[in-house]
>>> print(open('query22.txt').read())   # compact mmCIF, C-alpha atoms and all ligand atoms
# COMPACT_ATOMS: atom_id res chain seq x y z
CA MET A 275 88.76 13.67 -65.85
CA ARG A 276 87.14 10.42 -66.91
CA PRO A 277 84.07 9.43 -64.86
CA GLN A 278 84.52 7.13 -61.90
CA ARG A 279 83.57 3.54 -62.28
CA GLU A 280 83.01 1.02 -59.58
CA TYR A 281 84.24 -2.52 -60.00
CA HIS A 282 83.53 -5.60 -57.95
CA ILE A 283 86.37 -7.87 -57.05
CA VAL A 284 86.15 -11.17 -55.21
CA VAL A 285 89.10 -12.63 -53.31
CA LEU A 286 88.87 -16.40 -53.07
CA GLY A 287 91.06 -19.22 -51.88
CA ALA A 288 91.47 -21.85 -49.21
CA GLY A 289 91.33 -20.90 -45.54
CA GLY A 290 94.47 -19.34 -44.12
CA VAL A 291 96.20 -18.50 -47.40
CA GLY A 292 96.18 -14.79 -46.52
CA LYS A 293 93.13 -13.31 -48.26
CA SER A 294 92.30 -11.02 -45.36
CA CYS A 295 95.90 -9.94 -44.89
CA LEU A 296 96.37 -9.15 -48.57
CA THR A 297 93.18 -7.14 -48.57
CA ALA A 298 94.11 -5.24 -45.42
CA GLN A 299 97.50 -4.41 -46.90
CA PHE A 300 95.95 -3.19 -50.12
CA VAL A 301 93.22 -1.11 -48.55
CA GLN A 302 94.74 0.05 -45.29
CA ASN A 303 98.49 -0.42 -45.72
CA VAL A 304 98.71 -2.46 -42.57
CA TRP A 305 100.06 -5.88 -41.75
CA ILE A 306 97.77 -7.85 -39.51
CA GLU A 307 99.54 -10.78 -37.93
CA SER A 308 96.38 -12.26 -36.50
CA TYR A 309 93.35 -11.04 -38.35
CA ASP A 310 90.85 -9.06 -36.31
CA PRO A 311 87.38 -9.02 -37.88
CA THR A 312 86.38 -5.86 -35.99
CA ILE A 313 88.26 -3.51 -38.33
CA GLU A 314 86.66 -4.74 -41.49
CA ASP A 315 83.96 -2.29 -42.28
CA SER A 316 85.83 0.42 -44.20
CA TYR A 317 87.13 -1.77 -47.00
CA ARG A 318 86.57 0.03 -50.20
CA LYS A 319 89.31 1.64 -52.15
CA GLN A 320 89.68 4.17 -54.88
CA ILE A 321 92.66 3.77 -57.16
CA GLU A 322 93.80 5.20 -60.42
CA VAL A 323 94.48 2.67 -63.16
CA ASP A 324 95.74 3.94 -66.50
CA GLY A 325 94.30 7.39 -65.85
CA ARG A 326 90.91 6.13 -64.70
CA GLN A 327 89.55 6.59 -61.25
CA CYS A 328 88.20 3.24 -60.09
CA ILE A 329 86.43 2.33 -56.91
CA LEU A 330 87.11 -1.26 -55.99
CA GLU A 331 84.62 -3.12 -53.93
CA ILE A 332 85.06 -6.74 -53.01
CA GLU A 333 81.88 -8.77 -53.10
CA LEU A 334 80.84 -11.90 -51.31
CA TYR A 335 78.68 -13.13 -54.11
CA MET A 336 80.47 -14.61 -57.09
CA LYS A 337 77.59 -13.57 -59.29
CA GLN A 338 78.33 -9.89 -58.67
CA GLY A 339 82.09 -10.17 -59.02
CA GLN A 340 83.60 -8.81 -62.21
CA GLY A 341 87.12 -9.90 -61.37
CA PHE A 342 88.53 -12.60 -59.15
CA LEU A 343 91.76 -12.90 -57.21
CA LEU A 344 92.36 -16.60 -56.72
CA VAL A 345 94.76 -16.87 -53.83
CA PHE A 346 96.81 -19.81 -52.66
CA SER A 347 99.77 -20.04 -50.33
CA ILE A 348 103.12 -21.01 -51.81
CA THR A 349 103.57 -23.12 -48.67
CA SER A 350 100.55 -25.32 -49.45
CA MET A 351 100.11 -27.44 -52.56
CA SER A 352 96.55 -28.30 -51.57
CA SER A 353 95.66 -24.60 -51.55
CA LEU A 354 96.81 -24.40 -55.18
CA ASN A 355 94.85 -27.50 -56.08
CA GLU A 356 91.67 -25.97 -54.68
CA LEU A 357 91.82 -23.13 -57.17
CA SER A 358 90.82 -25.23 -60.18
CA GLU A 359 87.46 -26.08 -58.70
CA LEU A 360 86.95 -22.47 -57.72
CA ARG A 361 87.65 -21.33 -61.25
CA GLU A 362 85.19 -23.86 -62.62
CA GLN A 363 82.55 -22.55 -60.24
CA ILE A 364 83.26 -18.97 -61.28
CA ILE A 365 82.97 -19.79 -64.97
CA ARG A 366 79.77 -21.70 -64.35
CA ILE A 367 78.19 -19.00 -62.22
CA LYS A 368 79.29 -16.12 -64.44
CA ASP A 369 78.62 -18.15 -67.58
CA ASP A 370 81.79 -16.64 -69.01
CA GLU A 371 85.00 -18.45 -69.97
CA HIS A 372 86.91 -15.18 -70.08
CA VAL A 373 86.15 -13.72 -66.69
CA PRO A 374 89.09 -11.63 -65.38
CA ILE A 375 91.20 -13.71 -63.00
CA VAL A 376 94.58 -13.13 -61.38
CA ILE A 377 96.30 -16.04 -59.66
CA VAL A 378 98.08 -15.07 -56.46
CA GLY A 379 100.69 -17.19 -54.68
CA ASN A 380 100.81 -15.50 -51.28
CA LYS A 381 103.36 -15.81 -48.45
CA SER A 382 106.34 -15.37 -50.76
CA ASP A 383 108.35 -14.30 -47.71
CA LEU A 384 108.23 -17.95 -46.60
CA GLU A 385 110.52 -19.14 -49.39
CA GLU A 386 112.13 -21.72 -47.10
CA ASP A 387 108.70 -23.35 -46.65
CA ARG A 388 107.80 -23.27 -50.32
CA ALA A 389 105.74 -26.30 -51.34
CA VAL A 390 104.54 -25.01 -54.71
CA PRO A 391 107.28 -24.61 -57.32
CA ARG A 392 106.86 -21.36 -59.21
CA ALA A 393 106.79 -23.35 -62.48
CA ARG A 394 103.85 -25.39 -61.25
CA ALA A 395 101.73 -22.32 -60.57
CA PHE A 396 102.87 -20.73 -63.79
CA GLY A 397 101.89 -23.91 -65.64
CA LEU A 398 98.41 -23.64 -64.18
CA SER A 399 98.15 -20.03 -65.24
CA GLN A 400 99.04 -21.05 -68.80
CA THR A 401 96.35 -23.71 -68.89
CA TRP A 402 93.93 -20.97 -67.84
CA GLY A 403 94.58 -18.96 -70.98
CA ASN A 404 97.66 -17.20 -69.60
CA ALA A 405 95.97 -15.77 -66.54
CA PRO A 406 98.43 -13.44 -64.81
CA TYR A 407 100.34 -15.07 -61.96
CA TYR A 408 101.92 -13.09 -59.13
CA GLU A 409 103.68 -14.11 -55.97
CA THR A 410 102.84 -11.79 -53.10
CA SER A 411 103.66 -11.29 -49.49
CA ALA A 412 101.00 -9.60 -47.44
CA ARG A 413 103.54 -9.52 -44.61
CA ARG A 414 106.13 -7.59 -46.60
CA ARG A 415 103.62 -5.80 -48.79
CA ALA A 416 105.20 -7.29 -51.89
CA ASN A 417 103.19 -7.16 -55.14
CA VAL A 418 100.01 -6.30 -53.23
CA ASN A 419 99.03 -3.26 -55.29
CA GLU A 420 100.13 -4.98 -58.46
CA VAL A 421 97.61 -7.83 -58.20
CA PHE A 422 94.67 -5.51 -57.60
CA VAL A 423 95.75 -3.09 -60.31
CA HIS A 424 96.31 -5.85 -62.84
CA LEU A 425 92.90 -7.31 -62.10
CA CYS A 426 91.29 -3.89 -62.31
CA ARG A 427 92.98 -3.32 -65.65
CA GLN A 428 91.55 -6.58 -66.98
CA ILE A 429 88.10 -5.56 -65.79
CA ILE A 430 88.40 -2.15 -67.43
CA ARG A 431 89.43 -3.77 -70.69
CA LYS A 432 86.43 -6.05 -70.57
CA ASP A 433 84.20 -3.18 -69.52
CA LEU A 434 85.26 -1.22 -72.58
CA GLN A 435 84.30 -4.16 -74.78
CA GLU A 436 81.02 -4.85 -72.94
CA PRO A 437 80.14 -1.44 -71.42
CA SER A 438 77.37 -2.69 -69.13
CA GLY A 439 79.95 -4.15 -66.75
CA GLY A 440 80.71 -1.28 -64.37
CA VAL A 441 78.39 -0.11 -61.66
CA ASP A 442 77.07 3.39 -61.16
CA THR A 443 78.92 4.67 -58.09
CA THR A 444 75.81 6.44 -56.85
CA ARG A 445 73.84 3.23 -56.55
CA LYS A 446 72.56 2.17 -53.15
CA ARG A 447 74.33 -0.79 -51.66
CA ASP A 448 72.39 -3.65 -50.20
CA GLY A 449 73.17 -6.91 -48.45
CA PRO A 450 74.81 -7.54 -45.13
CA SER A 451 77.77 -5.58 -43.82
CA ARG A 452 81.19 -7.05 -44.20
CA GLY A 453 81.30 -7.85 -40.53
CA ASP A 454 78.11 -9.90 -40.82
CA ARG A 455 79.53 -11.80 -43.73
CA LYS A 456 82.75 -12.53 -41.94
CA ARG A 457 80.86 -13.80 -38.93
CA ASP A 458 78.74 -16.04 -41.16
CA LYS A 459 81.95 -17.55 -42.38
CA GLY A 460 82.67 -18.97 -38.96
CA SER A 461 79.66 -21.27 -39.06
CA GLY A 462 80.12 -22.09 -42.72
CA GLY A 463 83.64 -23.51 -42.47
CA ARG A 464 86.94 -22.02 -43.62
CA ARG A 465 87.18 -23.44 -47.14
CA ARG A 466 86.64 -21.09 -50.03
CA SER A 467 85.42 -18.32 -47.80
CA PRO A 468 85.60 -15.06 -49.67
CA CYS A 469 87.12 -11.96 -48.29
CA VAL A 470 84.68 -9.13 -48.69
CA ILE A 471 85.75 -5.52 -48.95
CA LEU A 472 83.05 -2.89 -48.72
N1 LIG B 501 104.40 -15.23 -43.51
C1 LIG B 501 103.24 -14.79 -43.99
N2 LIG B 501 102.09 -15.06 -43.34
C2 LIG B 501 100.94 -14.59 -43.87
C3 LIG B 501 100.89 -13.84 -45.06
N3 LIG B 501 99.60 -13.53 -45.30
C4 LIG B 501 98.89 -14.06 -44.31
N4 LIG B 501 99.68 -14.70 -43.43
C5 LIG B 501 99.29 -15.40 -42.21
O1 LIG B 501 98.38 -16.41 -42.59
C6 LIG B 501 97.33 -16.53 -41.63
C7 LIG B 501 96.00 -16.43 -42.33
O2 LIG B 501 95.85 -15.15 -42.91
P1 LIG B 501 94.42 -14.60 -43.31
O3 LIG B 501 94.61 -13.37 -44.10
O4 LIG B 501 93.53 -14.56 -42.13
O5 LIG B 501 93.95 -15.78 -44.27
P2 LIG B 501 92.54 -15.93 -45.00
O6 LIG B 501 92.84 -16.50 -46.34
O7 LIG B 501 91.76 -14.67 -44.97
O8 LIG B 501 91.88 -17.03 -44.11
P3 LIG B 501 90.33 -17.28 -43.81
O9 LIG B 501 89.83 -16.03 -43.13
O10 LIG B 501 90.34 -18.45 -42.93
O11 LIG B 501 89.67 -17.57 -45.12
C8 LIG B 501 97.56 -15.42 -40.61
O12 LIG B 501 98.18 -16.01 -39.47
C9 LIG B 501 98.52 -14.46 -41.27
O13 LIG B 501 99.39 -13.87 -40.34
C10 LIG B 501 102.13 -13.58 -45.73
O14 LIG B 501 102.23 -12.95 -46.79
N5 LIG B 501 103.28 -14.08 -45.15
>>> encode(input="query22.txt", output="structure tokens", more="lines below")
Ligand SMILES: Nc1nc2c(ncn2[C@@H]2O[C@H](COP(=O)(O)OP(=O)(O)OP(=O)(O)O)[C@@H](O)[C@H]2O)c(=O)[nH]1
Amino acid sequence: MRPQREYHIVVLGAGGVGKSCLTAQFVQNVWIESYDPTIEDSYRKQIEVDGRQCILEIELYMKQGQGFLLVFSITSMSSLNELSELREQIIRIKDDEHVPIVIVGNKSDLEEDRAVPRARAFGLSQTWGNAPYYETSARRRANVNEVFVHLCRQIIRKDLQEPSGGVDTTRKRDGPSRGDRKRDKGSGGRRRSPCVIL
């Protein structure tokens, strides 16, 4: 079997778009109506992508992230508009125009409240060099695996071109626990708060 690699993913987007719910669905297969920060500490997931075992770990720090899920809510145009600035920050911080990004329009179960036409989000994805665009529902667990797998696949592809990208899975982790980070978020405001999976 191919060796395991560990990849760092960052989930970003405006407050309330569903970052925590998407993550909980992906990692734990649960729908959390009202997010409870106390169950956060086991977020780390091993998946197989194209025959490779990958450990996904979501990081708080953009600098560490190798792939980014940029999440908005299809019920909020402003949440889509916030993504452009986030992408610029990512490119600046990573110093890489081609950093793996997947755009995620969450809350697709709320079609009747849609404020972002699909074509609008798709248009944005095209201006970002055809970044993949998915509509997801954390509530219905629609397209949840797909966004993480697609992002992981992009990271793998990049990792194969620039092999220093992945992280040795035996390395020691440092930094605060996910719970600490989530609590910090409360004092730092809701905008652009990352969802951290460890
Ligand atoms: N209908 C619907 N509601 C959702 C979905 N995903 C999340 N929500 C709701 O949206 C609200 C915010 O979800 P969170 O996952 O906490 O959002 P977040 O982006 O992590 O928000 P912050 O922690 O503030 O950054 C919650 O009330 C969820 O129940 C979805 O797919 N469909």
>>> axis_aligned_box(input="query22.txt", around="ligand LIG 501 (chain B)", padding_each_side="3 Å", output="lines of an AutoDock Vina configuration file")
center_x = 97.0
center_y = -15.7
center_z = -43.1
size_x = 20.7
size_y = 11.5
size_z = 13.3
>>> residues_near_ligand(input="query22.txt", ligand="ligand LIG 501 (chain B)", cutoff="6 Å", atoms="all atoms listed in the file", output="mmCIF file with C-alpha atoms, in the frame of the given file")
data_model
loop_
_atom_site.group_PDB
_atom_site.id
_atom_site.type_symbol
_atom_site.label_atom_id
_atom_site.label_comp_id
_atom_site.auth_asym_id
_atom_site.auth_seq_id
_atom_site.Cartn_x
_atom_site.Cartn_y
_atom_site.Cartn_z
ATOM 1 C CA GLY A 289 91.330 -20.900 -45.540
ATOM 2 C CA GLY A 290 94.470 -19.340 -44.120
ATOM 3 C CA VAL A 291 96.200 -18.500 -47.400
ATOM 4 C CA GLY A 292 96.180 -14.790 -46.520
ATOM 5 C CA LYS A 293 93.130 -13.310 -48.260
ATOM 6 C CA SER A 294 92.300 -11.020 -45.360
ATOM 7 C CA CYS A 295 95.900 -9.940 -44.890
ATOM 8 C CA GLU A 307 99.540 -10.780 -37.930
ATOM 9 C CA SER A 308 96.380 -12.260 -36.500
ATOM 10 C CA TYR A 309 93.350 -11.040 -38.350
ATOM 11 C CA ASN A 380 100.810 -15.500 -51.280
ATOM 12 C CA LYS A 381 103.360 -15.810 -48.450
ATOM 13 C CA ASP A 383 108.350 -14.300 -47.710
ATOM 14 C CA LEU A 384 108.230 -17.950 -46.600
ATOM 15 C CA SER A 411 103.660 -11.290 -49.490
ATOM 16 C CA ALA A 412 101.000 -9.600 -47.440
ATOM 17 C CA ARG A 413 103.540 -9.520 -44.610
ATOM 18 C CA ARG A 464 86.940 -22.020 -43.620
ATOM 19 C CA SER A 467 85.420 -18.320 -47.800
#
>>> closest_residue(input="query22.txt", among="A:Val304, A:Ile329, A:Ile348, A:Ala298", to="Glu386 in chain A", atoms="all atoms listed in the file")
A:Ile348
>>> residues_around(input="query22.txt", residues="range 403-408 of chain A", least_positions_apart="4", cutoff="10 Å", atoms="all atoms listed in the file", output="list in words")
Leu344, Val345, Glu371, His372, Pro374, Ile375, Val376, Ile377, Val378, Gly379, Asn380, Ser382, Arg392, Ala395, Phe396, Gly397, Leu398, Ser399, Ala416, Asn417, Val418, Glu420, Val421, His424, Leu425 and Gln428 of chain A
>>> closest_residue(input="query22.txt", among="A:Gln278, A:Asn419, A:Gln338, A:Gln435", to="Thr297 in chain A", atoms="all atoms listed in the file")
A:Asn419
>>> atom_distance(input="query22.txt", atom1="CA of Arg414 in chain A", atom2="CA of Asp387 in chain A")
16.0 Å
>>> atom_distance(input="query22.txt", atom1="CA of Ser350 in chain A", atom2="CA of Gln299 in chain A")
21.3 Å
>>> atom_distance(input="query22.txt", atom1="CA of Ile283 in chain A", atom2="CA of Phe342 in chain A")
5.6 Å
>>> residues_around(input="query22.txt", residues="Ile321 in chain A", least_positions_apart="3", cutoff="9 Å", atoms="only C-alpha atoms", output="list of chain:residue names")
A:Arg326, A:Gln327, A:Cys328, A:Ile329, A:Leu330, A:Val423
>>> residues_around(input="query22.txt", residues="range 360-367 of chain A", least_positions_apart="6", cutoff="10 Å", atoms="all atoms listed in the file", output="JSON, numbers by chain")
{"A": [286, 287, 288, 336, 337, 338, 339, 341, 342, 344, 373, 375, 402, 466]}
>>> closest_residue(input="query22.txt", among="A:Gln302, A:Ser358, A:Gln400, A:Gln320", to="Phe346 in chain A", atoms="all atoms listed in the file")
A:Ser358
>>> residues_near_point(input="query22.txt", point="(101.6, -26.0, -50.4)", cutoff="8 Å", atoms="all atoms listed in the file", output="ChimeraX atom specification")
/A:347-354,388-390
>>> closest_residue(input="query22.txt", among="A:Val323, A:Ala393, A:Leu343, A:Leu357", to="Ile430 in chain A", atoms="all atoms listed in the file")
A:Val323
>>> closest_residue(input="query22.txt", among="A:Trp305, A:Glu385, A:Phe300, A:Arg431", to="Glu409 in chain A", atoms="all atoms listed in the file")
A:Glu385
